[in-house]
Amino acid sequence: MELEIRKRTNRELVFKIKGEDHTLGNLVAKMALRHPNVELAAYTIEHPLDGSPVVRIITDGTKDPVDVLIEVLENSKRISLELLSVVKNKLGVSE
(Lines give C-alpha, C1' and ligand atoms only; values in the text may rest on other atoms or scores of the structure.)
Protein backbone atom coordinates (compact mmCIF):
# COMPACT_ATOMS: atom_id res chain seq x y z
CA MET A 1 0.00 0.00 0.00
CA GLU A 2 1.23 3.47 -0.86
CA LEU A 3 -0.26 6.90 -0.16
CA GLU A 4 -0.11 9.79 -2.62
CA ILE A 5 -1.14 13.18 -1.23
CA ARG A 6 -2.96 15.15 -3.92
CA LYS A 7 -4.07 18.17 -1.90
CA ARG A 8 -3.72 19.35 1.68
CA THR A 9 -5.16 22.56 3.08
CA ASN A 10 -6.49 23.60 6.48
CA ARG A 11 -9.94 22.24 5.47
CA GLU A 12 -9.33 19.64 2.78
CA LEU A 13 -7.30 16.48 2.28
CA VAL A 14 -7.23 14.54 -0.99
CA PHE A 15 -5.16 11.38 -1.23
CA LYS A 16 -4.84 8.29 -3.38
CA ILE A 17 -4.47 4.87 -1.77
CA LYS A 18 -2.35 2.98 -4.30
CA GLY A 19 -2.75 -0.77 -4.43
CA GLU A 20 -6.22 -0.75 -2.84
CA ASP A 21 -9.73 -0.73 -4.27
CA HIS A 22 -13.34 0.23 -3.52
CA THR A 23 -13.30 -1.66 -0.23
CA LEU A 24 -10.86 0.60 1.59
CA GLY A 25 -11.93 3.79 -0.21
CA ASN A 26 -15.55 3.23 0.76
CA LEU A 27 -14.67 2.36 4.37
CA VAL A 28 -12.60 5.52 4.88
CA ALA A 29 -15.17 7.79 3.20
CA LYS A 30 -18.17 6.32 5.04
CA MET A 31 -16.43 6.40 8.42
CA ALA A 32 -15.28 9.99 7.80
CA LEU A 33 -18.89 11.03 7.19
CA ARG A 34 -19.66 10.01 10.77
CA HIS A 35 -17.08 12.45 12.15
CA PRO A 36 -18.74 15.60 13.56
CA ASN A 37 -16.25 17.97 11.88
CA VAL A 38 -16.58 16.51 8.38
CA GLU A 39 -18.72 18.35 5.83
CA LEU A 40 -17.93 16.09 2.87
CA ALA A 41 -16.20 12.76 2.45
CA ALA A 42 -16.17 10.71 -0.73
CA TYR A 43 -13.95 8.62 -2.94
CA THR A 44 -13.61 8.01 -6.66
CA ILE A 45 -11.85 5.53 -8.87
CA GLU A 46 -10.30 7.67 -11.61
CA HIS A 47 -9.77 4.85 -14.10
CA PRO A 48 -10.96 1.23 -14.00
CA LEU A 49 -7.57 -0.13 -15.05
CA ASP A 50 -5.92 1.64 -12.11
CA GLY A 51 -8.61 0.90 -9.54
CA SER A 52 -6.98 2.84 -6.69
CA PRO A 53 -9.37 5.08 -4.74
CA VAL A 54 -8.88 8.82 -4.41
CA VAL A 55 -10.40 9.95 -1.11
CA ARG A 56 -11.49 13.54 -0.41
CA ILE A 57 -12.25 14.79 3.10
CA ILE A 58 -13.45 18.33 3.69
CA THR A 59 -13.86 19.55 7.26
CA ASP A 60 -15.72 22.50 8.74
CA GLY A 61 -12.38 24.20 9.38
CA THR A 62 -12.33 23.71 13.14
CA LYS A 63 -10.11 20.62 12.90
CA ASP A 64 -7.21 19.74 10.63
CA PRO A 65 -8.29 17.12 8.05
CA VAL A 66 -5.18 15.04 8.79
CA ASP A 67 -6.20 14.83 12.46
CA VAL A 68 -9.70 13.87 11.35
CA LEU A 69 -8.32 11.11 9.09
CA ILE A 70 -6.23 9.73 11.94
CA GLU A 71 -9.28 9.69 14.24
CA VAL A 72 -11.35 7.99 11.52
CA LEU A 73 -8.72 5.29 10.99
CA GLU A 74 -8.31 4.69 14.73
CA ASN A 75 -12.10 4.40 15.11
CA SER A 76 -12.27 1.98 12.15
CA LYS A 77 -9.56 -0.13 13.76
CA ARG A 78 -11.41 -0.16 17.10
CA ILE A 79 -14.66 -1.25 15.43
CA SER A 80 -12.86 -3.94 13.40
CA LEU A 81 -11.17 -5.35 16.50
CA GLU A 82 -14.50 -5.36 18.33
CA LEU A 83 -16.15 -7.23 15.47
CA LEU A 84 -13.25 -9.70 15.35
CA SER A 85 -13.70 -10.41 19.05
CA VAL A 86 -17.46 -10.93 18.66
CA VAL A 87 -16.96 -13.26 15.68
CA LYS A 88 -14.33 -15.32 17.50
CA ASN A 89 -16.52 -15.54 20.60
CA LYS A 90 -19.64 -16.48 18.65
CA LEU A 91 -17.82 -19.13 16.59
CA GLY A 92 -15.84 -20.52 19.51
CA VAL A 93 -12.44 -19.61 18.09
CA SER A 94 -9.75 -19.20 20.72
CA GLU A 95 -7.57 -16.13 20.83
# chains A, B, ... in the order shown; residues from 1 in each chain; ligands from 1
>>> select_by_dssp(residues="chain A", states="strand (DSSP E or B)", output="ChimeraX atom specification")
/A:2-8,12-18,38-45,53-59
>>> write_last_selection(atoms="N, CA, C and O atoms", output="mmCIF file, in the first residue's frame")
data_model
loop_
_atom_site.group_PDB
_atom_site.id
_atom_site.type_symbol
_atom_site.label_atom_id
_atom_site.label_comp_id
_atom_site.auth_asym_id
_atom_site.auth_seq_id
_atom_site.Cartn_x
_atom_site.Cartn_y
_atom_site.Cartn_z
ATOM 1 N N GLU A 2 0.485 2.223 -0.768
ATOM 2 C CA GLU A 2 1.227 3.467 -0.861
ATOM 3 C C GLU A 2 0.235 4.622 -0.853
ATOM 4 O O GLU A 2 -0.872 4.499 -1.379
ATOM 5 N N LEU A 3 0.616 5.737 -0.257
ATOM 6 C CA LEU A 3 -0.259 6.896 -0.162
ATOM 7 C C LEU A 3 0.320 8.038 -0.973
ATOM 8 O O LEU A 3 1.502 8.370 -0.847
ATOM 9 N N GLU A 4 -0.507 8.622 -1.826
ATOM 10 C CA GLU A 4 -0.108 9.786 -2.615
ATOM 11 C C GLU A 4 -0.990 10.959 -2.198
ATOM 12 O O GLU A 4 -2.215 10.908 -2.363
ATOM 13 N N ILE A 5 -0.388 12.004 -1.643
ATOM 14 C CA ILE A 5 -1.144 13.180 -1.229
ATOM 15 C C ILE A 5 -1.359 14.059 -2.450
ATOM 16 O O ILE A 5 -0.404 14.479 -3.102
ATOM 17 N N ARG A 6 -2.614 14.322 -2.764
ATOM 18 C CA ARG A 6 -2.960 15.150 -3.918
ATOM 19 C C ARG A 6 -3.186 16.610 -3.533
ATOM 20 O O ARG A 6 -2.865 17.512 -4.291
ATOM 21 N N LYS A 7 -3.772 16.813 -2.355
ATOM 22 C CA LYS A 7 -4.073 18.171 -1.904
ATOM 23 C C LYS A 7 -4.175 18.160 -0.389
ATOM 24 O O LYS A 7 -4.742 17.240 0.193
ATOM 25 N N ARG A 8 -3.623 19.220 0.216
ATOM 26 C CA ARG A 8 -3.716 19.348 1.675
ATOM 27 C C ARG A 8 -3.813 20.829 2.022
ATOM 28 O O ARG A 8 -2.906 21.600 1.751
ATOM 29 N N GLU A 12 -9.145 20.726 3.746
ATOM 30 C CA GLU A 12 -9.331 19.636 2.784
ATOM 31 C C GLU A 12 -8.091 18.755 2.662
ATOM 32 O O GLU A 12 -6.964 19.229 2.669
ATOM 33 N N LEU A 13 -8.356 17.454 2.525
ATOM 34 C CA LEU A 13 -7.300 16.481 2.277
ATOM 35 C C LEU A 13 -7.771 15.561 1.156
ATOM 36 O O LEU A 13 -8.869 15.010 1.222
ATOM 37 N N VAL A 14 -6.942 15.440 0.128
ATOM 38 C CA VAL A 14 -7.232 14.539 -0.986
ATOM 39 C C VAL A 14 -6.017 13.634 -1.147
ATOM 40 O O VAL A 14 -4.888 14.115 -1.252
ATOM 41 N N PHE A 15 -6.267 12.328 -1.126
ATOM 42 C CA PHE A 15 -5.164 11.380 -1.231
ATOM 43 C C PHE A 15 -5.593 10.138 -1.987
ATOM 44 O O PHE A 15 -6.759 9.762 -2.008
ATOM 45 N N LYS A 16 -4.608 9.518 -2.627
ATOM 46 C CA LYS A 16 -4.837 8.286 -3.381
ATOM 47 C C LYS A 16 -4.211 7.135 -2.605
ATOM 48 O O LYS A 16 -3.061 7.233 -2.151
ATOM 49 N N ILE A 17 -4.960 6.060 -2.451
ATOM 50 C CA ILE A 17 -4.468 4.867 -1.774
ATOM 51 C C ILE A 17 -4.088 3.859 -2.855
ATOM 52 O O ILE A 17 -4.939 3.126 -3.359
ATOM 53 N N LYS A 18 -2.820 3.856 -3.221
ATOM 54 C CA LYS A 18 -2.353 2.982 -4.303
ATOM 55 C C LYS A 18 -2.333 1.530 -3.843
ATOM 56 O O LYS A 18 -1.938 1.230 -2.720
ATOM 57 N N VAL A 38 -16.681 16.747 9.819
ATOM 58 C CA VAL A 38 -16.583 16.506 8.376
ATOM 59 C C VAL A 38 -17.837 17.015 7.673
ATOM 60 O O VAL A 38 -18.956 16.681 8.042
ATOM 61 N N GLU A 39 -17.615 17.846 6.656
ATOM 62 C CA GLU A 39 -18.718 18.346 5.833
ATOM 63 C C GLU A 39 -18.928 17.479 4.597
ATOM 64 O O GLU A 39 -20.042 17.330 4.123
ATOM 65 N N LEU A 40 -17.838 16.926 4.056
ATOM 66 C CA LEU A 40 -17.928 16.086 2.868
ATOM 67 C C LEU A 40 -16.833 15.032 2.929
ATOM 68 O O LEU A 40 -15.694 15.339 3.301
ATOM 69 N N ALA A 41 -17.181 13.837 2.581
ATOM 70 C CA ALA A 41 -16.198 12.757 2.450
ATOM 71 C C ALA A 41 -16.690 11.840 1.338
ATOM 72 O O ALA A 41 -17.851 11.434 1.321
ATOM 73 N N ALA A 42 -15.802 11.553 0.401
ATOM 74 C CA ALA A 42 -16.169 10.707 -0.729
ATOM 75 C C ALA A 42 -14.900 10.134 -1.337
ATOM 76 O O ALA A 42 -13.792 10.568 -1.019
ATOM 77 N N TYR A 43 -15.090 9.158 -2.214
ATOM 78 C CA TYR A 43 -13.949 8.622 -2.942
ATOM 79 C C TYR A 43 -14.365 8.365 -4.376
ATOM 80 O O TYR A 43 -15.562 8.225 -4.686
ATOM 81 N N THR A 44 -13.381 8.339 -5.254
ATOM 82 C CA THR A 44 -13.613 8.009 -6.659
ATOM 83 C C THR A 44 -12.520 7.052 -7.111
ATOM 84 O O THR A 44 -11.444 6.991 -6.517
ATOM 85 N N ILE A 45 -12.842 6.331 -8.162
ATOM 86 C CA ILE A 45 -11.848 5.535 -8.875
ATOM 87 C C ILE A 45 -11.673 6.254 -10.203
ATOM 88 O O ILE A 45 -12.606 6.319 -11.001
ATOM 89 N N PRO A 53 -8.443 4.007 -5.125
ATOM 90 C CA PRO A 53 -9.368 5.080 -4.739
ATOM 91 C C PRO A 53 -8.653 6.393 -4.416
ATOM 92 O O PRO A 53 -7.554 6.389 -3.857
ATOM 93 N N VAL A 54 -9.307 7.478 -4.793
ATOM 94 C CA VAL A 54 -8.877 8.819 -4.407
ATOM 95 C C VAL A 54 -9.920 9.325 -3.419
ATOM 96 O O VAL A 54 -11.090 9.457 -3.762
ATOM 97 N N VAL A 55 -9.494 9.565 -2.192
ATOM 98 C CA VAL A 55 -10.401 9.951 -1.113
ATOM 99 C C VAL A 55 -10.285 11.451 -0.871
ATOM 100 O O VAL A 55 -9.189 12.010 -0.849
ATOM 101 N N ARG A 56 -11.433 12.105 -0.703
ATOM 102 C CA ARG A 56 -11.495 13.537 -0.409
ATOM 103 C C ARG A 56 -12.237 13.726 0.905
ATOM 104 O O ARG A 56 -13.353 13.223 1.070
ATOM 105 N N ILE A 57 -11.618 14.452 1.827
ATOM 106 C CA ILE A 57 -12.246 14.786 3.102
ATOM 107 C C ILE A 57 -12.204 16.302 3.259
ATOM 108 O O ILE A 57 -11.126 16.898 3.166
ATOM 109 N N ILE A 58 -13.365 16.894 3.458
ATOM 110 C CA ILE A 58 -13.453 18.330 3.692
ATOM 111 C C ILE A 58 -14.074 18.536 5.070
ATOM 112 O O ILE A 58 -15.152 18.011 5.357
ATOM 113 N N THR A 59 -13.382 19.302 5.900
ATOM 114 C CA THR A 59 -13.856 19.550 7.259
ATOM 115 C C THR A 59 -14.523 20.916 7.343
ATOM 116 O O THR A 59 -14.493 21.703 6.402
#
>>> residues_around(residues="region 67-80 of chain A", least_positions_apart="2", cutoff="8 Å", atoms="only C-alpha atoms", output="list in words")
Val28, Met31, Ala32, His35, Asn37, Val38, Lys63, Asp64, Pro65, Glu82, Leu83 and Leu84 of chain A
>>> select_by_dssp(residues="chain A", states="alpha helix (DSSP H)", output="number ranges by chain")
A: 22-33, 65-91
>>> write_last_selection(atoms="N, CA and C atoms", output="short mmCIF file (atom, residue, chain, number, x, y, z; two decimals), in the first residue's frame")
data_model
loop_
_atom_site.label_atom_id
_atom_site.label_comp_id
_atom_site.auth_asym_id
_atom_site.auth_seq_id
_atom_site.Cartn_x
_atom_site.Cartn_y
_atom_site.Cartn_z
N HIS A 22 -12.11 -0.33 -4.09
CA HIS A 22 -13.34 0.23 -3.52
C HIS A 22 -13.50 -0.06 -2.03
N THR A 23 -13.07 -1.23 -1.61
CA THR A 23 -13.30 -1.66 -0.23
C THR A 23 -12.74 -0.65 0.77
N LEU A 24 -11.48 -0.32 0.64
CA LEU A 24 -10.86 0.60 1.59
C LEU A 24 -11.31 2.03 1.35
N GLY A 25 -11.46 2.43 0.10
CA GLY A 25 -11.93 3.79 -0.21
C GLY A 25 -13.30 4.04 0.38
N ASN A 26 -14.20 3.09 0.23
CA ASN A 26 -15.55 3.23 0.76
C ASN A 26 -15.55 3.26 2.29
N LEU A 27 -14.75 2.39 2.91
CA LEU A 27 -14.67 2.36 4.37
C LEU A 27 -14.22 3.71 4.92
N VAL A 28 -13.13 4.24 4.38
CA VAL A 28 -12.60 5.52 4.88
C VAL A 28 -13.61 6.64 4.67
N ALA A 29 -14.20 6.72 3.49
CA ALA A 29 -15.17 7.79 3.20
C ALA A 29 -16.40 7.68 4.09
N LYS A 30 -16.96 6.50 4.22
CA LYS A 30 -18.17 6.32 5.04
C LYS A 30 -17.91 6.61 6.51
N MET A 31 -16.77 6.15 7.02
CA MET A 31 -16.43 6.40 8.42
C MET A 31 -16.15 7.89 8.64
N ALA A 32 -15.55 8.55 7.67
CA ALA A 32 -15.28 9.99 7.80
C ALA A 32 -16.58 10.78 7.87
N LEU A 33 -17.60 10.33 7.16
CA LEU A 33 -18.89 11.03 7.19
C LEU A 33 -19.52 11.03 8.57
N PRO A 65 -7.81 18.35 8.69
CA PRO A 65 -8.29 17.12 8.05
C PRO A 65 -7.37 15.92 8.27
N VAL A 66 -6.09 16.15 8.49
CA VAL A 66 -5.18 15.04 8.79
C VAL A 66 -5.51 14.45 10.16
N ASP A 67 -5.79 15.32 11.14
CA ASP A 67 -6.20 14.83 12.46
C ASP A 67 -7.51 14.05 12.37
N VAL A 68 -8.42 14.55 11.55
CA VAL A 68 -9.70 13.87 11.35
C VAL A 68 -9.46 12.49 10.75
N LEU A 69 -8.61 12.40 9.73
CA LEU A 69 -8.32 11.11 9.09
C LEU A 69 -7.74 10.13 10.10
N ILE A 70 -6.82 10.60 10.93
CA ILE A 70 -6.23 9.73 11.94
C ILE A 70 -7.30 9.22 12.91
N GLU A 71 -8.18 10.10 13.35
CA GLU A 71 -9.28 9.69 14.24
C GLU A 71 -10.19 8.67 13.55
N VAL A 72 -10.49 8.90 12.29
CA VAL A 72 -11.35 7.99 11.52
C VAL A 72 -10.70 6.62 11.42
N LEU A 73 -9.41 6.58 11.12
CA LEU A 73 -8.72 5.29 10.99
C LEU A 73 -8.62 4.57 12.33
N GLU A 74 -8.36 5.31 13.40
CA GLU A 74 -8.31 4.69 14.73
C GLU A 74 -9.68 4.14 15.12
N ASN A 75 -10.74 4.87 14.80
CA ASN A 75 -12.10 4.40 15.11
C ASN A 75 -12.43 3.16 14.27
N SER A 76 -12.04 3.15 13.01
CA SER A 76 -12.27 1.98 12.15
C SER A 76 -11.54 0.76 12.70
N LYS A 77 -10.33 0.97 13.17
CA LYS A 77 -9.56 -0.13 13.76
C LYS A 77 -10.25 -0.66 15.01
N ARG A 78 -10.73 0.25 15.86
CA ARG A 78 -11.41 -0.16 17.10
C ARG A 78 -12.65 -0.99 16.77
N ILE A 79 -13.44 -0.54 15.82
CA ILE A 79 -14.66 -1.25 15.43
C ILE A 79 -14.31 -2.62 14.83
N SER A 80 -13.27 -2.67 14.01
CA SER A 80 -12.86 -3.94 13.40
C SER A 80 -12.40 -4.94 14.45
N LEU A 81 -11.63 -4.47 15.43
CA LEU A 81 -11.17 -5.35 16.50
C LEU A 81 -12.34 -5.84 17.36
N GLU A 82 -13.30 -4.97 17.58
CA GLU A 82 -14.50 -5.36 18.33
C GLU A 82 -15.27 -6.43 17.57
N LEU A 83 -15.44 -6.24 16.28
CA LEU A 83 -16.15 -7.23 15.47
C LEU A 83 -15.39 -8.55 15.45
N LEU A 84 -14.07 -8.49 15.33
CA LEU A 84 -13.25 -9.70 15.35
C LEU A 84 -13.46 -10.47 16.64
N SER A 85 -13.49 -9.78 17.75
CA SER A 85 -13.70 -10.41 19.05
C SER A 85 -15.07 -11.08 19.13
N VAL A 86 -16.10 -10.39 18.66
CA VAL A 86 -17.46 -10.93 18.66
C VAL A 86 -17.54 -12.18 17.79
N VAL A 87 -16.93 -12.11 16.60
CA VAL A 87 -16.96 -13.26 15.68
C VAL A 87 -16.26 -14.46 16.31
N LYS A 88 -15.06 -14.23 16.87
CA LYS A 88 -14.33 -15.32 17.50
C LYS A 88 -15.12 -15.92 18.66
N ASN A 89 -15.73 -15.07 19.46
CA ASN A 89 -16.52 -15.54 20.60
C ASN A 89 -17.72 -16.35 20.12
N LYS A 90 -18.42 -15.83 19.15
CA LYS A 90 -19.64 -16.48 18.65
C LYS A 90 -19.33 -17.82 17.99
N LEU A 91 -18.17 -17.91 17.31
CA LEU A 91 -17.82 -19.13 16.59
C LEU A 91 -16.94 -20.06 17.42
#
